[in-house]
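Participant: Dropping in data21.txt, which is compact mmCIF, C-alpha atoms:
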# COMPACT_ATOMS: atom_id res chain seq x y z
CA MET V 177 -22.06 13.06 1.12
CA GLU V 178 -20.18 10.18 -0.51
CA GLY V 179 -18.52 12.58 -2.93
CA LEU V 180 -17.33 14.79 -0.08
CA LEU V 181 -16.02 11.78 1.87
CA PHE V 182 -14.29 10.32 -1.17
CA LEU V 183 -12.68 13.60 -2.24
CA THR V 184 -11.51 14.38 1.31
CA PHE V 185 -9.88 11.05 1.98
CA ALA V 186 -8.57 10.57 -1.56
CA THR V 187 -6.86 13.96 -1.28
CA ILE V 188 -5.37 13.02 2.10
CA ALA V 189 -4.16 9.69 0.67
CA VAL V 190 -2.53 11.26 -2.39
CA LEU V 191 -0.92 14.08 -0.39
CA CYS V 192 0.45 11.61 2.17
CA ALA V 193 1.77 9.39 -0.65
CA ILE V 194 3.52 12.37 -2.29
CA ASN V 195 4.95 13.28 1.11
CA LEU V 196 6.18 9.69 1.52
CA VAL V 197 8.13 9.97 -1.72
CA LEU V 198 9.47 13.47 -1.09
CA GLN V 199 10.62 13.21 2.53
CA THR V 200 14.24 12.28 3.08
CA HIS V 201 13.88 11.07 6.67
CA PRO V 202 12.41 7.56 6.97
CA ILE V 203 10.34 8.38 10.04
CA SER V 204 8.46 11.11 8.12
CA SER V 205 7.85 8.62 5.33
CA ALA V 206 6.52 6.07 7.83
CA LEU V 207 4.10 8.58 9.36
CA SER V 208 2.90 9.56 5.85
CA LEU V 209 2.34 5.88 5.04
CA ILE V 210 0.18 5.58 8.16
CA GLY V 211 -1.88 8.51 6.82
CA VAL V 212 -2.31 6.73 3.48
CA LEU V 213 -3.35 3.48 5.16
CA GLY V 214 -5.88 5.22 7.41
CA SER V 215 -7.56 7.13 4.59
CA VAL V 216 -7.66 4.04 2.37
CA ALA V 217 -9.38 2.24 5.27
CA VAL V 218 -12.11 4.91 5.16
CA LEU V 219 -12.49 4.28 1.41
CA TYR V 220 -12.87 0.55 2.14
CA LEU V 221 -15.72 1.42 4.50
CA LEU V 222 -17.30 3.50 1.70
CA LEU V 223 -17.08 0.43 -0.55
CA GLY V 224 -18.76 -1.76 2.06
CA GLY V 225 -15.67 -3.58 3.29
CA GLU V 226 -16.19 -3.37 7.05
CA PHE V 227 -13.97 -6.32 7.91
CA ILE V 228 -11.19 -5.38 5.54
CA ALA V 229 -11.18 -1.77 6.83
CA ALA V 230 -10.79 -2.99 10.42
CA VAL V 231 -8.03 -5.40 9.39
CA GLN V 232 -6.32 -2.61 7.47
CA LEU V 233 -6.25 -0.42 10.57
CA ILE V 234 -5.29 -3.17 13.04
CA VAL V 235 -2.81 -5.22 11.01
CA TYR V 236 -1.41 -2.70 8.54
CA ALA V 237 -1.49 0.65 10.32
CA GLY V 238 -1.07 -1.05 13.68
CA ALA V 239 1.24 -4.04 13.58
CA ILE V 240 3.26 -3.63 10.37
CA MET V 241 3.85 0.10 10.75
CA VAL V 242 4.85 -0.32 14.40
CA LEU V 243 7.44 -2.83 13.15
CA PHE V 244 8.71 -0.27 10.62
CA VAL V 245 8.88 2.58 13.12
CA PHE V 246 10.57 0.26 15.61
CA VAL V 247 13.29 -0.69 13.14
CA ILE V 248 13.80 2.94 12.05
CA MET V 249 14.19 4.05 15.67
CA LEU V 250 16.40 1.06 16.50
CA LEU V 251 18.82 1.75 13.67
CA ASN V 252 18.61 5.52 14.26
CA THR V 253 19.68 6.45 10.75
CA GLY V 254 19.30 10.10 9.87
CA ALA V 255 18.00 11.62 6.69
CA GLU V 256 19.42 10.53 3.35
CA LYS V 257 22.63 12.38 2.84
CA ARG V 258 22.98 12.51 -0.89
CA PRO V 259 20.29 14.01 -3.14
CA ALA V 260 17.80 11.42 -4.31
CA ARG V 261 19.00 10.91 -7.87
CA LYS V 262 20.73 12.78 -10.62
CA VAL V 263 18.98 15.89 -11.86
CA LEU V 264 18.31 14.42 -15.31
CA VAL V 265 16.60 11.37 -13.82
CA THR V 266 14.36 13.57 -11.68
CA TRP V 267 13.42 15.76 -14.63
CA ILE V 268 12.62 12.79 -16.87
CA SER V 269 10.84 10.69 -14.24
CA LEU V 270 8.35 13.37 -13.19
CA PRO V 271 6.81 13.94 -16.67
CA LEU V 272 6.84 10.17 -17.23
CA LEU V 273 4.99 9.67 -13.95
CA PHE V 274 2.33 12.21 -14.92
CA THR V 275 2.06 10.66 -18.38
CA PHE V 276 1.48 7.21 -16.90
CA ILE V 277 -1.12 8.54 -14.47
CA ALA V 278 -2.92 10.40 -17.28
CA LEU V 279 -2.84 7.30 -19.50
CA ALA V 280 -4.19 5.12 -16.70
CA ALA V 281 -6.93 7.64 -15.94
CA MET V 282 -7.86 7.85 -19.61
CA LEU V 283 -7.97 4.08 -20.05
CA ILE V 284 -10.01 3.57 -16.88
CA GLY V 285 -12.36 6.39 -17.83
CA ALA V 286 -12.85 4.82 -21.27
CA GLN V 287 -13.37 1.27 -19.96
CA VAL V 288 -15.61 1.86 -16.94
CA PRO V 289 -18.97 3.38 -17.86
CA LYS V 290 -19.90 6.57 -16.03
CA THR V 291 -23.19 5.10 -14.89
CA GLU V 292 -21.30 2.77 -12.56
CA THR V 293 -21.39 4.57 -9.23
CA VAL V 294 -20.60 3.78 -5.63
CA THR V 295 -23.12 4.57 -2.92
CA PHE V 296 -22.69 3.90 0.76
CA GLY V 297 -24.43 0.64 1.64
CA GLY V 298 -24.63 -0.48 -1.98
CA PHE V 299 -22.79 -3.68 -1.11
CA ALA V 300 -23.38 -5.29 2.26
CA GLY V 301 -21.43 -8.50 1.66
CA GLY V 302 -18.20 -7.31 3.26
CA THR V 303 -19.19 -8.02 6.84
CA THR V 304 -17.16 -10.26 9.12
CA LEU V 305 -19.86 -12.91 8.76
CA SER V 306 -19.68 -13.20 4.97
CA VAL V 307 -15.90 -12.81 4.79
CA GLY V 308 -15.46 -15.49 7.43
CA ARG V 309 -17.92 -17.79 5.72
CA ALA V 310 -16.09 -17.48 2.38
CA LEU V 311 -12.72 -17.83 4.09
CA PHE V 312 -13.58 -21.07 5.90
CA THR V 313 -15.53 -22.79 3.13
CA GLN V 314 -14.49 -21.80 -0.38
CA TYR V 315 -11.01 -20.56 0.46
CA LEU V 316 -10.13 -22.99 3.25
CA LEU V 317 -7.07 -24.50 1.55
CA PRO V 318 -5.39 -21.13 0.72
CA PHE V 319 -6.16 -20.00 4.26
CA GLU V 320 -4.41 -23.04 5.72
CA ILE V 321 -1.45 -22.55 3.35
CA THR V 322 -1.02 -18.98 4.62
CA SER V 323 -0.46 -20.39 8.10
CA ILE V 324 2.51 -22.35 6.70
CA LEU V 325 3.69 -19.12 5.05
CA ILE V 326 3.53 -17.28 8.36
CA LEU V 327 5.42 -20.14 10.05
CA VAL V 328 8.17 -19.96 7.41
CA ALA V 329 8.34 -16.18 7.84
CA ILE V 330 8.73 -16.53 11.61
CA LEU V 331 11.50 -19.11 11.18
CA GLY V 332 13.22 -16.91 8.61
CA ALA V 333 13.12 -13.88 10.88
CA VAL V 334 14.49 -15.92 13.80
CA VAL V 335 17.32 -17.33 11.67
CA LEU V 336 18.20 -13.89 10.30
CA ALA V 337 18.18 -12.32 13.75
CA ARG V 338 20.80 -14.71 15.13
CA LYS V 339 24.17 -13.26 15.96
CA GLU V 340 26.64 -14.97 13.66
CA ILE V 341 25.29 -14.04 10.22
CA MET M 53 -13.28 13.56 -17.45
CA GLU M 54 -14.13 16.91 -15.88
CA LEU M 55 -14.54 17.53 -12.21
CA PRO M 56 -18.14 18.44 -11.43
CA LEU M 57 -18.74 21.79 -9.75
CA SER M 58 -21.32 20.42 -7.35
CA LEU M 59 -20.41 17.36 -5.33
CA PRO M 60 -22.08 14.19 -6.60
CA THR M 61 -24.16 12.06 -4.28
CA ALA M 62 -22.72 8.87 -5.74
CA VAL M 63 -19.04 8.54 -6.55
CA PRO M 64 -18.18 7.12 -9.99
CA LEU M 65 -16.52 3.74 -9.75
CA SER M 66 -13.67 4.89 -11.99
CA TRP M 67 -12.51 7.45 -9.40
CA PHE M 68 -11.54 4.66 -7.03
CA LEU M 69 -9.59 2.93 -9.79
CA ILE M 70 -7.85 6.17 -10.79
CA LEU M 71 -6.93 6.85 -7.16
CA SER M 72 -5.50 3.36 -6.93
CA ALA M 73 -3.49 3.96 -10.12
CA ILE M 74 -2.13 7.23 -8.72
CA LEU M 75 -1.09 5.55 -5.45
CA PHE M 76 0.57 2.72 -7.39
CA MET M 77 2.52 5.17 -9.58
CA LEU M 78 3.66 7.11 -6.51
CA GLY M 79 4.80 3.82 -5.00
CA ILE M 80 6.85 3.09 -8.12
CA ALA M 81 8.33 6.60 -7.98
CA GLY M 82 9.36 6.13 -4.35
CA PHE M 83 10.76 2.69 -5.12
CA LEU M 84 12.94 4.08 -7.91
CA LEU M 85 13.92 7.48 -6.49
CA ARG M 86 14.67 6.85 -2.82
CA ARG M 87 18.03 5.57 -1.59
CA ASN M 88 17.11 4.39 1.90
CA ILE M 89 16.23 0.68 2.08
CA ILE M 90 13.43 1.25 4.58
CA THR M 91 11.78 3.92 2.43
CA VAL M 92 12.02 1.63 -0.62
CA PHE M 93 10.34 -1.07 1.45
CA MET M 94 7.56 1.32 2.47
CA SER M 95 6.99 2.20 -1.19
CA ILE M 96 6.38 -1.50 -1.84
CA GLU M 97 3.77 -1.48 0.94
CA LEU M 98 2.14 1.53 -0.74
CA MET M 99 1.93 -0.38 -4.04
CA LEU M 100 0.40 -3.43 -2.31
CA ASN M 101 -2.15 -1.16 -0.70
CA ALA M 102 -3.10 0.41 -4.05
CA VAL M 103 -3.73 -3.07 -5.47
CA ASN M 104 -5.87 -3.89 -2.42
CA LEU M 105 -8.01 -0.84 -3.15
CA THR M 106 -8.58 -2.12 -6.69
CA PHE M 107 -9.59 -5.55 -5.36
CA VAL M 108 -12.13 -4.06 -2.96
CA THR M 109 -13.49 -1.74 -5.66
CA PHE M 110 -14.11 -4.62 -8.06
CA SER M 111 -15.59 -6.60 -5.21
CA TYR M 112 -18.14 -3.79 -4.84
CA ARG M 113 -18.79 -3.76 -8.59
CA LEU M 114 -19.31 -7.52 -8.88
CA LYS M 115 -21.19 -7.71 -5.55
CA GLN M 116 -19.00 -10.65 -4.49
CA VAL M 117 -16.85 -11.07 -1.42
CA ASP M 118 -13.90 -12.66 -3.25
CA GLY M 119 -12.03 -9.35 -3.65
CA HIS M 120 -12.01 -8.90 0.11
CA ILE M 121 -10.58 -12.39 0.54
CA PHE M 122 -7.82 -11.62 -1.95
CA SER M 123 -6.89 -8.37 -0.24
CA PHE M 124 -6.91 -10.24 3.08
CA PHE M 125 -4.35 -12.66 1.64
CA VAL M 126 -2.31 -9.74 0.31
CA MET M 127 -2.23 -8.31 3.83
CA VAL M 128 -1.06 -11.65 5.25
CA VAL M 129 1.73 -11.82 2.67
CA ALA M 130 2.64 -8.18 3.39
CA ALA M 131 2.93 -8.95 7.10
CA ALA M 132 5.20 -11.94 6.47
CA GLU M 133 7.23 -9.90 3.99
CA ALA M 134 7.63 -7.05 6.48
CA ALA M 135 8.88 -9.42 9.20
CA VAL M 136 11.47 -11.12 6.97
CA GLY M 137 12.44 -7.94 5.12
CA LEU M 138 13.05 -5.94 8.27
CA ALA M 139 15.13 -8.81 9.67
CA ILE M 140 17.22 -8.70 6.47
CA ILE M 141 17.57 -4.91 6.82
CA LEU M 142 18.75 -5.35 10.43
CA THR M 143 21.33 -7.93 9.32
CA VAL M 144 22.55 -5.69 6.48
CA TYR M 145 22.93 -2.79 8.87
CA LYS M 146 24.75 -4.98 11.38
CA ASN M 147 27.27 -6.09 8.76
CA ARG M 148 27.75 -2.91 6.75
CA SER M 149 26.57 -0.04 8.97
CA THR M 150 24.70 1.57 6.10
CA LEU M 151 21.19 1.63 4.70
CA GLU M 152 22.03 3.19 1.32
CA ILE M 153 20.93 0.80 -1.42
CA ASP M 154 23.71 1.98 -3.72
CA GLU M 155 26.37 0.90 -1.25
CA VAL M 156 24.90 -2.58 -0.79
CA SER M 157 25.79 -3.78 -4.28
CA SER M 158 27.69 -7.06 -3.85
CA MET M 159 25.34 -8.88 -6.19
CA LYS M 160 25.67 -6.30 -8.96
CA LEU M 161 27.39 -7.58 -12.08
Take the structure in the file and write it out as C-alpha cells.
Facilitator:
Amino acid sequence: MEGLLFLTFATIAVLCAINLVLQTHPISSALSLIGVLGSVAVLYLLLGGEFIAAVQLIVYAGAIMVLFVFVIMLLNTGAEKRPARKVLVTWISLPLLFTFIALAAMLIGAQVPKTETVTFGGFAGGTTLSVGRALFTQYLLPFEITSILILVAILGAVVLARKEI
Amino acid sequence: MELPLSLPTAVPLSWFLILSAILFMLGIAGFLLRRNIITVFMSIELMLNAVNLTFVTFSYRLKQVDGHIFSFFVMVVAAAEAAVGLAIILTVYKNRSTLEIDEVSSMKL
C-alpha cells in the first residue's frame, strides 16, 4: 500500500516538475508547480508529518501560488518568445542533469542502508500538538524572529509597490 | 538499485531522498534554462520544496520533530521571499515592460 502510494505520487511530482521546466507559458508552469506541491504534501503525510502537510497545502499551494498566478494574470505576459537556450547548452545540460541525478541516487543508495524503510504511522511525532510544543518551547526565539522577518517583508513589498520607483 | 517487480509494503527511506534529489535537479534545470523571471522564481520554490522533503524524511528517520520545524521555517521564508520577489517583478515590469531575464541586465559587468 505504501509502495503504491509513494510510486503514484512520486511519479506525479516528477512529471509535474518536468512539465514545469518544459512549458513556455508561466501559467502552465504555475499549475504544474501546484501539482508538485500537492503530491509532496501526500508524501509528507506518508512520513507522518500531518501538520506540515496541511501547512504545505494551505500556505504553499494556497497562498503563495495564488500570489504567483495573480501576478502572472496581472502582467498578462504570453509564452516565452525565444527558444529557451542555445542548442549546445540544451544538449550538454540534459546529460549533465541525468549524470547528477544518477550520482546522487548512487551516493544515497550507498549511504542509506536498505533496511531503513518507511511505513505509514511509523512516526507519530508530527502532529500539531508536538510541532506546536517544540515551536513554542525549544524554538521560541527563532519563531519570534520570523515575525520580524515577515514584518520586514511586508514593509519591503509596500515600499516596492509605491508609484514613483 | 533495481526496481522490485512486486510492490513493497514498506518504502525504502532512500527513495524519498532520491525523489528529493530529482526534484532539486529539475529546479536547477528550470532556474538555468528558462528566460521568464516568474518561471525562474517558481524553480526556486521547487528547490526549496525538495529540501523540505529531505528535512521531513530525516525527521522520520531520527524520530524527532526538529525537521518539521525547519521545513516550517523554510515555508515562512519562502512566503516572505515570494511577497518581496513578486513586488520586485512588478516594479521591473512597470519600468521596462519585459520579463525576459536577459534583457534586465543593468548590473551585468
Participant: Could you state the separation of atom CA of Glu97 of chain M and atom CA of Leu198 of chain V in Å, given to one decimal place?
Facilitator: 16.1 Å
Participant: Identify every residue of chain V that has at least one atom within 7 Å of any atom of chain M, counting all atoms listed in the file, and report the result as a ChimeraX atom specification.
Facilitator: /V:177-180,186,190,193-194,197,202,205,220,223,228,240,256,260-261,273,277,280-281,284-285,288,290,292-295,299,301-302,307,311,326,329,332-333,336-337
Participant: Figure out the distance between atom CA of Phe107 of chain M and atom CA of Ala286 of chain V, please, to one decimal in Å.
Facilitator: 19.3 Å
Participant: With only C-alpha atoms as the atoms that count, which of V:Val216, V:Ile203, V:Met282, V:Leu209 lies nearest to Asn252 of chain V?
Facilitator: V:Ile203
Participant: Using Å and a single decimal, report how far atom CA of Gly214 of chain V sits from atom CA of Gln232 of chain V.
Facilitator: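 Taking atom CA of Gln232 of chain V as the start and atom CA of Gly214 of chain V as the end point, the length is 7.8 Å.
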Participant: Around all of segment 63-76 of chain M's listed atoms, make the axis-aligned box with 4 Å on each side and tell me centre and edge lengths in Å to one decimal, as lines of an AutoDock Vina configuration file.
Facilitator:
center_x = -9.2
center_y = 5.6
center_z = -8.7
size_x = 27.6
size_y = 13.8
size_z = 14.5
Participant: I want to know what sits within 10 Å of Ile210 of chain V, based on all atoms listed in the file, with residues of the same chain fewer than 2 positions away left out; could you give that as an MDAnalysis selection string?
Facilitator: (chainID V and resid 189 192:193 196 204:208 212:216 233 236:238 240:242) or (chainID M and resid 98)
